[in-house]
Structure formats: C-alpha cells, structure tokens
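Data block below; observations after.
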Amino acid sequence: MSNYSLVLTCPRGLERVLTAEIASIIGKNAACGNGFVRVENATLEDIYRLNLHTRTASRVLLQVANQHYRDEDDIYRAARNVAWFLWFSVKCSFKISIESTGSHLKSLNFAALRVKDAVCDCFREEYNERPSVDKDNPDIKIAVFLDKKSIAIYLDTSGEPLFKRGYRQGQGVAPLRENLAAGLLLLAGFNGEQAFFDPMAGSGTIAIEAALIAKNQAAGLNRHFAFEKWNNFKRDVWQKIRTQAEQAIINAPHKIMAFDEDKKIIQIAQQNAQKAGVAKEIHFQAAHFPNDKPCDDDCGLLLCNPPYGERLGELQHIQKNYFAWSAALKQQFSGWTAGFFTADRELPKIMRLLPKRKIPLYNGKLDCRLFLFDMVSGTHRRQKV
Ligand SMILES: C[S@@+](CC[C@H](N)C(=O)[O-])C[C@H]1O[C@@H](n2cnc3c(N)ncnc32)[C@H](O)[C@@H]1O
C-alpha cells in the first residue's frame, strides 16, 4: 500500500518552511494548516525519509481513520475499524493521546478510553491477548484529534518528537527546541555556505543546527523512530536510506561561531555539539557581546535568541543592551544579515534598525518575531513608517 495520508506537525509559523523541506525530501506537495502540513499519497519510504531528514517537523503522523462522530460509541467504532494487529505486535506497548477543538463530548479521557478498548478488542479477537498500555515509554503512540463533528486517528510514525535529535544532554535557561532553531536558520536563508555567528548561544542549539545544515547531516541520524517497531518495517529499505544520508555528509565549508557570556553554558553547548557530531565545526567561546569581531568574513549570518524577560523590570534591563548590540552590528557586521528571535516587539525600534522582515512565530505559547536586518553600511537607519 502506498497511498498514506500524512500530517506533519511543526511549530506555528514554520508551515511554509516545512512544505519546502517536504518537496525537497520526497518531491511531493503539501497543504499548509495551522501548525501542521498535510501530504497525500505517501509511501512507507516517504515516511522513513521524512522522519530522517526533516529539520522543522515535530512529528510525522499517519492517518488510519477519519470520519464523523456523534458520541463515544462512534469513536469506539472508528477505532475498532482499524486492523491494529496488522500494524504492530501484541508484545508492543501503546499509549493514546487525545486533543480536541470544539468537541461537545463531556470527557476526553473517556473518549480516549473508548479508543484504548477498541485497540485491545481488536487484538483480543485476533489473538485472545491484548497489548499493554505504557504511559511513559510506549512503543506505539496513537494520536486522536476531535473537532466538532469528526474524529481523526493517527499512528505516530516518529515516536519521540523529532525535535529530540538525541544530542541535547544539558541545557541553559530557555533553550529553543531543535526544530524551531533549524526553522529560524532556514527562514534567514542559511544554507551552510555562509559564515555563522550566534553571540548568545546558550546551550548551542542554533549553532548545532547550523553545523548540521552546513555538513548536510540528516537531523535524525542519531536516533530511532517508532516505525522501526511496526510489523511492516522494511529494514533493508531503511538501511539504504540511512546509508545514503551518511554518504551525503560533507565537510562544512565555514567555521561556525557560538559565544555566550556564561562560561558554564558554553561547556554544556560544547558537550551537546560533541554528541551531535559537530564539535569540530563549531568554535565556542565564553565572551560578552559586543566584543571584537569574531572573524574576518565580509558577509555571513548572525542569528541569536537574546534573553527575554517576561516581567517588566527584567525586560527593561535587557533593553538597555540593545543600543550597544546595534552599534556593534553597524560597526563590525556590515554586509551581514542579522537575525534576532524574541518576543520583544520593541527590539527594532530601540535598536534604531529597520527590519527587512518580521516573521511571526511561536516559541511554545510565546508570540515571537524573527527580525531580520540587512546590515548594509550607512543605510540601516530606521526610517519613519
Ligand atoms: C535565551 S538564552 C539562548 C538560548 C539558546 N538559543 C539555546 O537554545 O540554548 C540567551 C543567552 O544569552 C546569553 N547572553 C545574554 N546577554 C549576553 C551578552 N551580552 N553577551 C553574550 N551572551 C549573552 C545568556 O547567557 C543566555 O545563555
């Protein structure tokens, strides 16, 4: 069977970037939703490739049911119509997650229980045995989405969410999710062929993702996926796809620089980079920004996620630094693109810089912007608009 309907979830604001990624990974079109994109007529091989290569998706979900419902019995029937025993073994543990937008049902927990009963009944009828539920570390995740009238049921092909690349051991304050960091780089036009500098790197997520892009290293090469536990898992196909990805790795053309004023966090970032296999590609340094220009390149990308104080006093304290940052950008980084990812909408005004793009994105629930500035010498005064 090779006509699966997939839903790939992603941080809100990255739908278009993910759509472009899907086109380049499997050559198929995707339709954008809000926080997800949809792909039709996908094959098992597409599922393997998407999980391994996407940098911006959070999960790849495969639709196994989609129909109208009125009550919990309809929910049971929708789940009972799926031949679960064809997908996974009775020895696998599973977990149901449920989300709803506008469902009239009184209890989502009860609806999830009905789906669990349907899965167990399906196995019992076939083998007189049922798989067990594991809420912490299940082999198989089943995702149920309800809206007012319809229920959609998905098998999670990824398992652990895809932003868990397997390299982050330690983290600082407010680390970015790996797929959001990769999305920022792709939105800023980074393709690995330019110099890169994160002056406030924290646990190094943006720099590590930049190094993975520069090395053309697939984002999921260091981890496992749920589809490896499915009955229909094609080990030879998977091995071929992984080998192709390993052979596609190149030497990064440019050094990537990641600085932070906090010495301890720089050590953690270094350990993370080591685990990701990109320690050699990144020059880490404990340094306060601004400082001496870290390299001689005439152009490149400076991209960072400065601290953002959610309380008023904290934010005002942070804003006091913006002018010094913008002075350094003008003096040292003309010819570069500078990107600041923050929830502080005042940043360009206080920096007295006019952004060429302001891209709305969510960092969890926080409504943020990626401000991109072209640092062209002498012409970046903020104009009145
Ligand atoms: C929000 S965190 C960055 C998180 C990072 N993107 C990650 O994924 O781990 C902001 C970082 O900026 C650093 N920082 C703040 N002001 C700085 C400055 N003037 N120079 C260098 N680092 C600074 C802090 O130490 C902190 O680690």
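In the structure tokens, each chain is lettered A, B, ... as it comes, each chain's residues begin at 1, and ligands are numbered from 1 in order of appearance.
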
**Request:** Show me which residues sit within 9 Å of ligand 1 when counting only C-alpha atoms and all ligand atoms, and put them as number ranges by chain.
**Result:** A: 171-178, 181, 198-207, 259-263, 265-266, 269, 286-291, 304-308, 318, 321, 325, 341-342

**Request:** Write out as a VMD selection string all residues of region 103-313 of chain A that backbone DSSP assigns to helix (DSSP H, G or I).
**Result:** chain A and resid 108 to 127 178 to 187 205 to 214 226 to 229 235 to 247 263 to 276 279 to 281 312 to 313

So that I can see what lies close to Val64 (chain A), please list as a compact mmCIF listing (two decimals) with N, CA, C and O atoms, in the first residue's frame the residues with an atom at most 10 Å from it, counting only C-alpha atoms and leaving out residues fewer than 4 positions away in the same chain.
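Output contents, as saved in out10.txt:
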```txt
# COMPACT_ATOMS: atom_id res chain seq x y z
N TYR A 4 -0.63 6.57 1.69
CA TYR A 4 -0.94 7.03 3.04
C TYR A 4 -1.16 8.54 3.06
O TYR A 4 -0.50 9.28 2.34
N SER A 5 -2.09 8.95 3.95
CA SER A 5 -2.26 10.39 4.21
C SER A 5 -1.46 10.72 5.46
O SER A 5 -1.64 10.07 6.50
N LEU A 6 -0.58 11.70 5.35
CA LEU A 6 0.26 12.07 6.49
C LEU A 6 -0.07 13.47 6.96
O LEU A 6 -0.42 14.34 6.16
N ALA A 78 -15.02 3.90 15.16
CA ALA A 78 -13.97 4.43 14.26
C ALA A 78 -12.64 3.73 14.55
O ALA A 78 -11.91 3.32 13.63
N ALA A 79 -12.33 3.55 15.85
CA ALA A 79 -11.05 2.92 16.22
C ALA A 79 -11.10 1.41 15.98
O ALA A 79 -10.09 0.79 15.64
N ASN A 81 -12.59 -0.13 13.63
CA ASN A 81 -12.49 -0.45 12.19
C ASN A 81 -11.05 -0.58 11.71
O ASN A 81 -10.81 -0.98 10.58
N VAL A 82 -10.11 -0.16 12.54
CA VAL A 82 -8.70 -0.22 12.13
C VAL A 82 -8.15 -1.61 12.49
O VAL A 82 -8.37 -2.10 13.60
N ALA A 83 -7.44 -2.24 11.56
CA ALA A 83 -6.84 -3.57 11.84
C ALA A 83 -5.50 -3.35 12.53
O ALA A 83 -4.43 -3.47 11.93
N TRP A 84 -5.55 -3.01 13.82
CA TRP A 84 -4.34 -2.63 14.56
C TRP A 84 -3.30 -3.74 14.55
O TRP A 84 -2.09 -3.47 14.52
N ILE A 142 -0.60 6.46 19.63
CA ILE A 142 -1.78 6.66 18.78
C ILE A 142 -2.35 8.03 19.15
O ILE A 142 -2.59 8.31 20.33
N ALA A 152 -10.30 12.05 13.84
CA ALA A 152 -9.19 11.54 13.02
C ALA A 152 -8.25 10.80 13.96
O ALA A 152 -7.96 11.28 15.06
N ILE A 153 -7.83 9.61 13.53
CA ILE A 153 -6.92 8.80 14.36
C ILE A 153 -5.62 8.59 13.57
O ILE A 153 -5.66 8.30 12.37
N TYR A 154 -4.51 8.78 14.26
CA TYR A 154 -3.20 8.68 13.60
C TYR A 154 -2.28 7.74 14.37
O TYR A 154 -2.31 7.70 15.60
N LEU A 155 -1.46 7.05 13.61
CA LEU A 155 -0.31 6.35 14.19
C LEU A 155 0.86 7.31 14.13
O LEU A 155 1.13 7.87 13.05
```

**Item:** Selection: 7 Å around region 359-373 of chain A, only C-alpha atoms, excl. self and same-chain fewer than 6 positions, as a list in words
**Value:**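 Non-adjacent residues within range: Pro11, Arg12, Gly13, Thr337, Ala338, Gly339, Phe340, Phe341, Thr342 and Ala343 of chain A.
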
Output file for the selection above: all heavy atoms, as a JSON list (two decimals), in the first residue's frame:
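To be explicit, this is the file written out as selection17.json:
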```json
[["chain", "number", "residue", "atom", "x", "y", "z"],
["A", 11, "PRO", "N", 6.19, 23.73, 14.74],
["A", 11, "PRO", "CA", 5.89, 24.98, 15.46],
["A", 11, "PRO", "C", 5.13, 25.94, 14.53],
["A", 11, "PRO", "O", 5.45, 26.02, 13.34],
["A", 11, "PRO", "CB", 7.28, 25.54, 15.80],
["A", 11, "PRO", "CG", 8.19, 24.36, 15.74],
["A", 11, "PRO", "CD", 7.63, 23.46, 14.69],
["A", 12, "ARG", "N", 4.14, 26.63, 15.10],
["A", 12, "ARG", "CA", 3.35, 27.56, 14.27],
["A", 12, "ARG", "C", 4.25, 28.64, 13.67],
["A", 12, "ARG", "O", 5.07, 29.22, 14.37],
["A", 12, "ARG", "CB", 2.24, 28.21, 15.10],
["A", 12, "ARG", "CG", 1.00, 27.34, 15.14],
["A", 12, "ARG", "CD", -0.13, 28.07, 15.79],
["A", 12, "ARG", "NE", 0.10, 28.22, 17.22],
["A", 12, "ARG", "CZ", -0.57, 29.07, 17.98],
["A", 12, "ARG", "NH1", -1.49, 29.87, 17.47],
["A", 12, "ARG", "NH2", -0.33, 29.14, 19.27],
["A", 13, "GLY", "N", 4.11, 28.85, 12.39],
["A", 13, "GLY", "CA", 4.96, 29.83, 11.70],
["A", 13, "GLY", "C", 5.97, 29.14, 10.79],
["A", 13, "GLY", "O", 6.54, 29.78, 9.91],
["A", 337, "THR", "N", 23.80, 39.51, 7.34],
["A", 337, "THR", "CA", 22.39, 39.53, 7.74],
["A", 337, "THR", "C", 22.38, 39.27, 9.24],
["A", 337, "THR", "O", 23.13, 38.40, 9.72],
["A", 337, "THR", "CB", 21.60, 38.41, 7.02],
["A", 337, "THR", "OG1", 21.66, 38.67, 5.62],
["A", 337, "THR", "CG2", 20.15, 38.36, 7.47],
["A", 338, "ALA", "N", 21.58, 40.05, 9.96],
["A", 338, "ALA", "CA", 21.46, 39.82, 11.41],
["A", 338, "ALA", "C", 20.03, 39.42, 11.73],
["A", 338, "ALA", "O", 19.08, 40.03, 11.23],
["A", 338, "ALA", "CB", 21.84, 41.08, 12.18],
["A", 339, "GLY", "N", 19.87, 38.38, 12.54],
["A", 339, "GLY", "CA", 18.54, 37.91, 12.91],
["A", 339, "GLY", "C", 18.41, 37.85, 14.42],
["A", 339, "GLY", "O", 19.29, 37.32, 15.10],
["A", 340, "PHE", "N", 17.33, 38.42, 14.94],
["A", 340, "PHE", "CA", 17.04, 38.35, 16.37],
["A", 340, "PHE", "C", 15.68, 37.71, 16.55],
["A", 340, "PHE", "O", 14.69, 38.19, 16.00],
["A", 340, "PHE", "CB", 17.06, 39.75, 17.01],
["A", 340, "PHE", "CG", 18.45, 40.30, 17.18],
["A", 340, "PHE", "CD1", 19.16, 40.80, 16.10],
["A", 340, "PHE", "CD2", 19.07, 40.29, 18.43],
["A", 340, "PHE", "CE1", 20.45, 41.27, 16.25],
["A", 340, "PHE", "CE2", 20.35, 40.76, 18.58],
["A", 340, "PHE", "CZ", 21.06, 41.25, 17.50],
["A", 341, "PHE", "N", 15.64, 36.62, 17.33],
["A", 341, "PHE", "CA", 14.38, 35.93, 17.60],
["A", 341, "PHE", "C", 13.98, 36.25, 19.03],
["A", 341, "PHE", "O", 14.67, 35.89, 19.99],
["A", 341, "PHE", "CB", 14.56, 34.42, 17.42],
["A", 341, "PHE", "CG", 13.32, 33.65, 17.72],
["A", 341, "PHE", "CD1", 12.17, 33.84, 16.96],
["A", 341, "PHE", "CD2", 13.27, 32.72, 18.76],
["A", 341, "PHE", "CE1", 11.00, 33.13, 17.24],
["A", 341, "PHE", "CE2", 12.12, 32.01, 19.04],
["A", 341, "PHE", "CZ", 10.98, 32.21, 18.28],
["A", 342, "THR", "N", 12.86, 36.96, 19.18],
["A", 342, "THR", "CA", 12.47, 37.44, 20.51],
["A", 342, "THR", "C", 10.96, 37.69, 20.58],
["A", 342, "THR", "O", 10.30, 37.85, 19.54],
["A", 342, "THR", "CB", 13.21, 38.77, 20.83],
["A", 342, "THR", "OG1", 12.76, 39.27, 22.09],
["A", 342, "THR", "CG2", 12.97, 39.83, 19.77],
["A", 343, "ALA", "N", 10.46, 37.74, 21.81],
["A", 343, "ALA", "CA", 9.06, 38.12, 22.00],
["A", 343, "ALA", "C", 8.93, 39.64, 22.17],
["A", 343, "ALA", "O", 7.83, 40.16, 22.31],
["A", 343, "ALA", "CB", 8.50, 37.41, 23.23]]
```

**Request:** Write out as a PyMOL selection string the residues lying within 10 Å of Phe197 (chain A), counting only C-alpha atoms and excluding same-chain residues fewer than 6 positions away.
**Result:** chain A and resi 206-207+210+255-259+282-283+294-295+300-304+338

Using the selection just defined, write its residues with all heavy atoms as a short mmCIF file (atom, residue, chain, number, x, y, z; two decimals), in the first residue's frame.
```
data_model
loop_
_atom_site.label_atom_id
_atom_site.label_comp_id
_atom_site.auth_asym_id
_atom_site.auth_seq_id
_atom_site.Cartn_x
_atom_site.Cartn_y
_atom_site.Cartn_z
N ILE A 206 21.12 26.72 18.16
CA ILE A 206 21.10 27.30 16.81
C ILE A 206 22.41 26.96 16.09
O ILE A 206 22.40 26.56 14.92
CB ILE A 206 20.88 28.84 16.84
CG1 ILE A 206 19.60 29.18 17.62
CG2 ILE A 206 20.77 29.39 15.43
CD1 ILE A 206 19.32 30.68 17.74
N ALA A 207 23.53 27.07 16.81
CA ALA A 207 24.83 26.79 16.18
C ALA A 207 24.94 25.31 15.78
O ALA A 207 25.45 24.98 14.70
CB ALA A 207 25.96 27.16 17.14
N ALA A 210 22.93 24.80 12.78
CA ALA A 210 23.63 25.40 11.64
C ALA A 210 24.72 24.45 11.14
O ALA A 210 24.89 24.25 9.93
CB ALA A 210 24.23 26.75 12.04
N LYS A 255 33.58 27.93 9.23
CA LYS A 255 33.56 27.75 10.68
C LYS A 255 32.29 28.39 11.21
O LYS A 255 31.84 29.43 10.73
CB LYS A 255 34.79 28.47 11.27
CG LYS A 255 35.08 28.07 12.68
CD LYS A 255 35.94 26.81 12.73
CE LYS A 255 36.05 26.28 14.14
NZ LYS A 255 36.62 24.94 14.20
N ILE A 256 31.72 27.77 12.21
CA ILE A 256 30.52 28.30 12.87
C ILE A 256 30.94 28.76 14.25
O ILE A 256 31.67 28.05 14.94
CB ILE A 256 29.45 27.19 12.91
CG1 ILE A 256 28.90 27.04 11.48
CG2 ILE A 256 28.34 27.48 13.90
CD1 ILE A 256 28.24 25.75 11.21
N MET A 257 30.51 29.95 14.63
CA MET A 257 30.96 30.52 15.92
C MET A 257 29.79 30.64 16.89
O MET A 257 28.72 31.13 16.51
CB MET A 257 31.59 31.89 15.69
CG MET A 257 32.91 31.79 14.93
SD MET A 257 33.29 33.27 14.03
CE MET A 257 32.05 33.28 12.76
N ALA A 258 30.02 30.19 18.11
CA ALA A 258 28.97 30.24 19.13
C ALA A 258 29.59 30.76 20.42
O ALA A 258 30.44 30.11 21.01
CB ALA A 258 28.39 28.84 19.35
N PHE A 259 29.16 31.97 20.83
CA PHE A 259 29.69 32.60 22.04
C PHE A 259 28.56 32.79 23.05
O PHE A 259 27.39 32.87 22.69
CB PHE A 259 30.28 34.00 21.72
CG PHE A 259 31.52 33.99 20.86
CD1 PHE A 259 32.00 32.83 20.26
CD2 PHE A 259 32.21 35.18 20.64
CE1 PHE A 259 33.14 32.85 19.47
CE2 PHE A 259 33.36 35.21 19.84
CZ PHE A 259 33.82 34.04 19.26
N ILE A 282 32.33 23.78 15.15
CA ILE A 282 31.90 24.98 15.89
C ILE A 282 33.01 25.49 16.79
O ILE A 282 33.63 24.71 17.52
CB ILE A 282 30.64 24.69 16.74
CG1 ILE A 282 29.53 24.06 15.88
CG2 ILE A 282 30.12 25.98 17.39
CD1 ILE A 282 28.28 23.68 16.64
N HIS A 283 33.25 26.80 16.71
CA HIS A 283 34.21 27.42 17.63
C HIS A 283 33.40 28.05 18.77
O HIS A 283 32.66 29.02 18.55
CB HIS A 283 35.03 28.47 16.88
CG HIS A 283 35.85 29.31 17.79
ND1 HIS A 283 36.84 28.79 18.58
CD2 HIS A 283 35.81 30.63 18.08
CE1 HIS A 283 37.38 29.75 19.31
NE2 HIS A 283 36.76 30.88 19.02
N PRO A 294 34.41 38.36 15.67
CA PRO A 294 34.99 37.03 15.84
C PRO A 294 35.63 36.44 14.57
O PRO A 294 36.25 35.39 14.64
CB PRO A 294 33.78 36.19 16.25
CG PRO A 294 32.62 36.90 15.66
CD PRO A 294 32.95 38.34 15.64
N CYS A 295 35.49 37.11 13.41
CA CYS A 295 36.07 36.54 12.18
C CYS A 295 36.22 37.67 11.16
O CYS A 295 35.72 38.77 11.37
CB CYS A 295 35.16 35.46 11.61
SG CYS A 295 33.54 36.10 11.20
N GLY A 300 27.84 37.10 6.08
CA GLY A 300 27.51 35.91 6.86
C GLY A 300 26.19 36.14 7.57
O GLY A 300 25.50 37.14 7.30
N LEU A 301 25.84 35.20 8.43
CA LEU A 301 24.59 35.32 9.19
C LEU A 301 24.91 35.36 10.68
O LEU A 301 25.57 34.45 11.19
CB LEU A 301 23.68 34.13 8.87
CG LEU A 301 22.39 34.04 9.71
CD1 LEU A 301 21.44 35.20 9.40
CD2 LEU A 301 21.68 32.70 9.46
N LEU A 302 24.44 36.42 11.34
CA LEU A 302 24.47 36.47 12.80
C LEU A 302 23.04 36.23 13.24
O LEU A 302 22.13 36.96 12.81
CB LEU A 302 24.97 37.85 13.26
CG LEU A 302 25.04 38.12 14.77
CD1 LEU A 302 26.10 39.19 15.05
CD2 LEU A 302 23.71 38.54 15.36
N LEU A 303 22.83 35.18 14.01
CA LEU A 303 21.45 34.86 14.42
C LEU A 303 21.45 34.47 15.89
O LEU A 303 22.26 33.63 16.31
CB LEU A 303 20.93 33.69 13.57
CG LEU A 303 19.52 33.16 13.87
CD1 LEU A 303 18.46 34.22 13.68
CD2 LEU A 303 19.21 31.97 12.97
N CYS A 304 20.56 35.11 16.65
CA CYS A 304 20.53 34.75 18.07
C CYS A 304 19.14 34.91 18.65
O CYS A 304 18.24 35.48 18.03
CB CYS A 304 21.52 35.59 18.86
SG CYS A 304 21.14 37.33 18.86
N ALA A 338 21.58 40.05 9.96
CA ALA A 338 21.46 39.82 11.41
C ALA A 338 20.03 39.42 11.73
O ALA A 338 19.08 40.03 11.23
CB ALA A 338 21.84 41.08 12.18
#
```

**Residues within 9 Å of Ala276 (chain A), only C-alpha atoms, excluding chain neighbours under 6 positions, as a VMD selection string** = chain A and resid 165 to 168 208 212 222

Atoms kept (N, CA, C and O atoms) for selection, written as a JSON list (two decimals), in the first residue's frame:
```json
[["chain", "number", "residue", "atom", "x", "y", "z"],
["A", 165, "ARG", "N", 16.61, 15.29, 18.92],
["A", 165, "ARG", "CA", 17.56, 14.71, 17.97],
["A", 165, "ARG", "C", 18.49, 13.72, 18.67],
["A", 165, "ARG", "O", 19.24, 13.01, 18.02],
["A", 166, "GLY", "N", 18.53, 13.81, 20.01],
["A", 166, "GLY", "CA", 19.40, 12.90, 20.76],
["A", 166, "GLY", "C", 20.72, 13.53, 21.15],
["A", 166, "GLY", "O", 21.57, 12.85, 21.71],
["A", 167, "TYR", "N", 20.93, 14.82, 20.88],
["A", 167, "TYR", "CA", 22.22, 15.41, 21.23],
["A", 167, "TYR", "C", 22.17, 16.30, 22.47],
["A", 167, "TYR", "O", 23.19, 16.66, 23.01],
["A", 168, "ARG", "N", 20.97, 16.70, 22.90],
["A", 168, "ARG", "CA", 20.95, 17.67, 23.99],
["A", 168, "ARG", "C", 20.97, 16.95, 25.33],
["A", 168, "ARG", "O", 20.00, 16.32, 25.73],
["A", 208, "ILE", "N", 24.43, 24.42, 16.63],
["A", 208, "ILE", "CA", 24.50, 22.98, 16.31],
["A", 208, "ILE", "C", 23.63, 22.68, 15.09],
["A", 208, "ILE", "O", 24.05, 21.96, 14.17],
["A", 212, "LEU", "N", 24.78, 21.20, 11.46],
["A", 212, "LEU", "CA", 24.16, 20.03, 10.81],
["A", 212, "LEU", "C", 23.76, 20.38, 9.38],
["A", 212, "LEU", "O", 23.96, 19.58, 8.45],
["A", 222, "ASN", "N", 20.97, 10.33, 14.46],
["A", 222, "ASN", "CA", 21.43, 9.77, 15.75],
["A", 222, "ASN", "C", 20.29, 9.27, 16.62],
["A", 222, "ASN", "O", 20.42, 9.26, 17.85]]
```

**Message:** Between A:Glu346, A:Asp46, A:Asp73, A:Asp236, which residue has the minimum interatomic distance to Ile25 (chain A), considering only C-alpha atoms?
**Reply:** A:Asp46

**Request:** Any chance you could list, as JSON, numbers by chain, the residues in region 16-110 of chain A that come up strand (DSSP E or B) when DSSP is run on the backbone?
**Result:** {"A": [31, 32, 36, 37, 38, 39, 40, 41, 42, 59, 60, 61, 62, 63, 64, 65, 66, 67, 68, 94, 95, 96, 97, 98, 99, 100]}

Which neighbours of region 85-100 of chain A fall inside 9 Å, counting only C-alpha atoms, when residues of the same chain fewer than 3 positions from it are skipped, and could you give them as a compact mmCIF listing (two decimals) with N, CA, C and O atoms, in the first residue's frame?
```
# COMPACT_ATOMS: atom_id res chain seq x y z
N VAL A 82 -10.11 -0.16 12.54
CA VAL A 82 -8.70 -0.22 12.13
C VAL A 82 -8.15 -1.61 12.49
O VAL A 82 -8.37 -2.10 13.60
N SER A 103 -14.99 19.92 20.53
CA SER A 103 -15.81 18.71 20.67
C SER A 103 -16.86 18.92 21.77
O SER A 103 -16.58 19.53 22.80
N LEU A 108 -12.90 13.96 27.55
CA LEU A 108 -11.93 13.50 26.54
C LEU A 108 -11.26 12.23 27.04
O LEU A 108 -10.92 11.34 26.25
N ASN A 109 -11.07 12.13 28.36
CA ASN A 109 -10.46 10.92 28.92
C ASN A 109 -11.29 9.70 28.60
O ASN A 109 -10.75 8.64 28.25
N ALA A 111 -13.33 9.38 26.08
CA ALA A 111 -13.20 9.11 24.63
C ALA A 111 -11.90 8.35 24.35
O ALA A 111 -11.87 7.39 23.56
N ALA A 112 -10.82 8.76 25.04
CA ALA A 112 -9.53 8.07 24.86
C ALA A 112 -9.63 6.62 25.33
O ALA A 112 -9.08 5.70 24.69
N LEU A 113 -10.38 6.40 26.42
CA LEU A 113 -10.57 5.03 26.93
C LEU A 113 -11.29 4.16 25.92
O LEU A 113 -10.98 2.97 25.76
N VAL A 115 -11.14 4.48 22.71
CA VAL A 115 -10.17 4.13 21.65
C VAL A 115 -9.27 3.00 22.16
O VAL A 115 -9.02 2.01 21.46
N LYS A 116 -8.83 3.10 23.41
CA LYS A 116 -7.98 2.05 24.00
C LYS A 116 -8.73 0.71 23.99
O LYS A 116 -8.18 -0.33 23.59
N VAL A 119 -8.75 -0.78 20.51
CA VAL A 119 -7.45 -1.37 20.13
C VAL A 119 -7.31 -2.74 20.80
O VAL A 119 -6.98 -3.75 20.14
N CYS A 122 -9.62 -5.38 19.34
CA CYS A 122 -9.14 -5.81 18.02
C CYS A 122 -8.11 -6.93 18.17
O CYS A 122 -8.17 -7.96 17.49
N PHE A 123 -7.15 -6.76 19.10
CA PHE A 123 -6.12 -7.78 19.32
C PHE A 123 -6.72 -9.04 19.96
O PHE A 123 -6.38 -10.15 19.58
N GLU A 126 -8.33 -11.29 17.58
CA GLU A 126 -7.39 -11.95 16.68
C GLU A 126 -6.54 -12.99 17.41
O GLU A 126 -6.31 -14.08 16.92
N TYR A 127 -6.04 -12.60 18.62
CA TYR A 127 -5.06 -13.46 19.31
C TYR A 127 -5.49 -13.91 20.71
O TYR A 127 -4.70 -14.55 21.41
N GLU A 129 -5.49 -12.10 23.19
CA GLU A 129 -4.46 -11.46 24.02
C GLU A 129 -4.49 -9.97 23.69
O GLU A 129 -4.80 -9.63 22.54
N ARG A 130 -4.15 -9.11 24.66
CA ARG A 130 -4.17 -7.67 24.35
C ARG A 130 -2.81 -7.03 24.68
O ARG A 130 -2.11 -7.48 25.59
N PRO A 131 -2.45 -5.98 23.93
CA PRO A 131 -1.19 -5.29 24.25
C PRO A 131 -1.37 -4.44 25.50
O PRO A 131 -2.49 -4.05 25.85
N SER A 132 -0.27 -4.12 26.18
CA SER A 132 -0.40 -3.33 27.41
C SER A 132 -0.22 -1.84 27.12
O SER A 132 0.40 -1.45 26.12
N VAL A 133 -0.75 -1.06 28.04
CA VAL A 133 -0.63 0.40 27.92
C VAL A 133 0.61 0.83 28.72
O VAL A 133 0.85 0.33 29.80
N ASP A 134 1.40 1.71 28.11
CA ASP A 134 2.55 2.29 28.84
C ASP A 134 2.50 3.80 28.61
O ASP A 134 2.70 4.27 27.49
N LYS A 135 2.22 4.53 29.69
CA LYS A 135 2.04 5.98 29.52
C LYS A 135 3.36 6.72 29.42
O LYS A 135 3.41 7.84 28.95
N ASP A 136 4.46 6.10 29.91
CA ASP A 136 5.74 6.83 29.94
C ASP A 136 6.62 6.55 28.74
O ASP A 136 7.23 7.45 28.18
N ASN A 137 6.71 5.29 28.36
CA ASN A 137 7.67 4.95 27.31
C ASN A 137 7.07 3.93 26.33
O ASN A 137 7.59 2.82 26.19
N PRO A 138 5.97 4.31 25.67
CA PRO A 138 5.29 3.33 24.83
C PRO A 138 6.05 3.05 23.53
O PRO A 138 6.78 3.92 23.05
N ASP A 139 5.88 1.84 23.00
CA ASP A 139 6.46 1.52 21.68
C ASP A 139 5.67 2.22 20.58
O ASP A 139 6.22 2.66 19.58
N ILE A 140 4.36 2.29 20.79
CA ILE A 140 3.46 2.81 19.76
C ILE A 140 2.63 3.94 20.34
O ILE A 140 2.07 3.81 21.43
N LYS A 141 2.59 5.07 19.63
CA LYS A 141 1.74 6.18 20.08
C LYS A 141 0.60 6.36 19.09
O LYS A 141 0.84 6.42 17.87
N ILE A 142 -0.60 6.46 19.63
CA ILE A 142 -1.78 6.66 18.78
C ILE A 142 -2.35 8.03 19.15
O ILE A 142 -2.59 8.31 20.33
N ALA A 143 -2.50 8.90 18.14
CA ALA A 143 -2.96 10.27 18.40
C ALA A 143 -4.38 10.44 17.86
O ALA A 143 -4.65 10.10 16.71
N VAL A 144 -5.27 10.93 18.71
CA VAL A 144 -6.67 11.12 18.33
C VAL A 144 -6.98 12.62 18.34
O VAL A 144 -6.64 13.31 19.30
N PHE A 145 -7.56 13.12 17.26
CA PHE A 145 -7.97 14.53 17.18
C PHE A 145 -9.47 14.60 16.94
O PHE A 145 -9.97 13.98 16.01
N LEU A 146 -10.14 15.37 17.79
CA LEU A 146 -11.59 15.54 17.61
C LEU A 146 -11.86 17.00 17.29
O LEU A 146 -11.27 17.89 17.90
N ASP A 147 -12.74 17.24 16.32
CA ASP A 147 -13.30 18.59 16.24
C ASP A 147 -14.79 18.45 16.49
O ASP A 147 -15.23 17.43 17.02
N LYS A 148 -15.56 19.45 16.10
CA LYS A 148 -16.99 19.41 16.43
C LYS A 148 -17.66 18.13 15.95
O LYS A 148 -18.43 17.52 16.64
N LYS A 229 9.44 -0.26 14.85
CA LYS A 229 8.81 -1.34 15.63
C LYS A 229 7.55 -1.88 14.94
O LYS A 229 6.88 -2.75 15.48
N TRP A 230 7.22 -1.33 13.79
CA TRP A 230 6.00 -1.79 13.12
C TRP A 230 6.20 -3.16 12.48
O TRP A 230 7.32 -3.51 12.09
N ASN A 231 5.08 -3.88 12.29
CA ASN A 231 5.14 -5.19 11.62
C ASN A 231 5.65 -5.07 10.19
O ASN A 231 6.30 -5.97 9.68
N ASN A 232 5.30 -3.96 9.54
CA ASN A 232 5.67 -3.84 8.11
C ASN A 232 7.02 -3.15 7.91
O ASN A 232 7.32 -2.71 6.79
```

**Complete:** Computed gap from CA of Ile47 (chain A) to CA of Ile151 (chain A) is 22.5 Å

**Prompt:** With only C-alpha atoms as the basis for distance, which of A:Ala273, A:Glu246, A:Thr9, A:Ile350 is at the shortest distance from Lys320 (chain A)?
**Reply:**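 With only C-alpha atoms as the atom set, the closest residue is A:Ile350.
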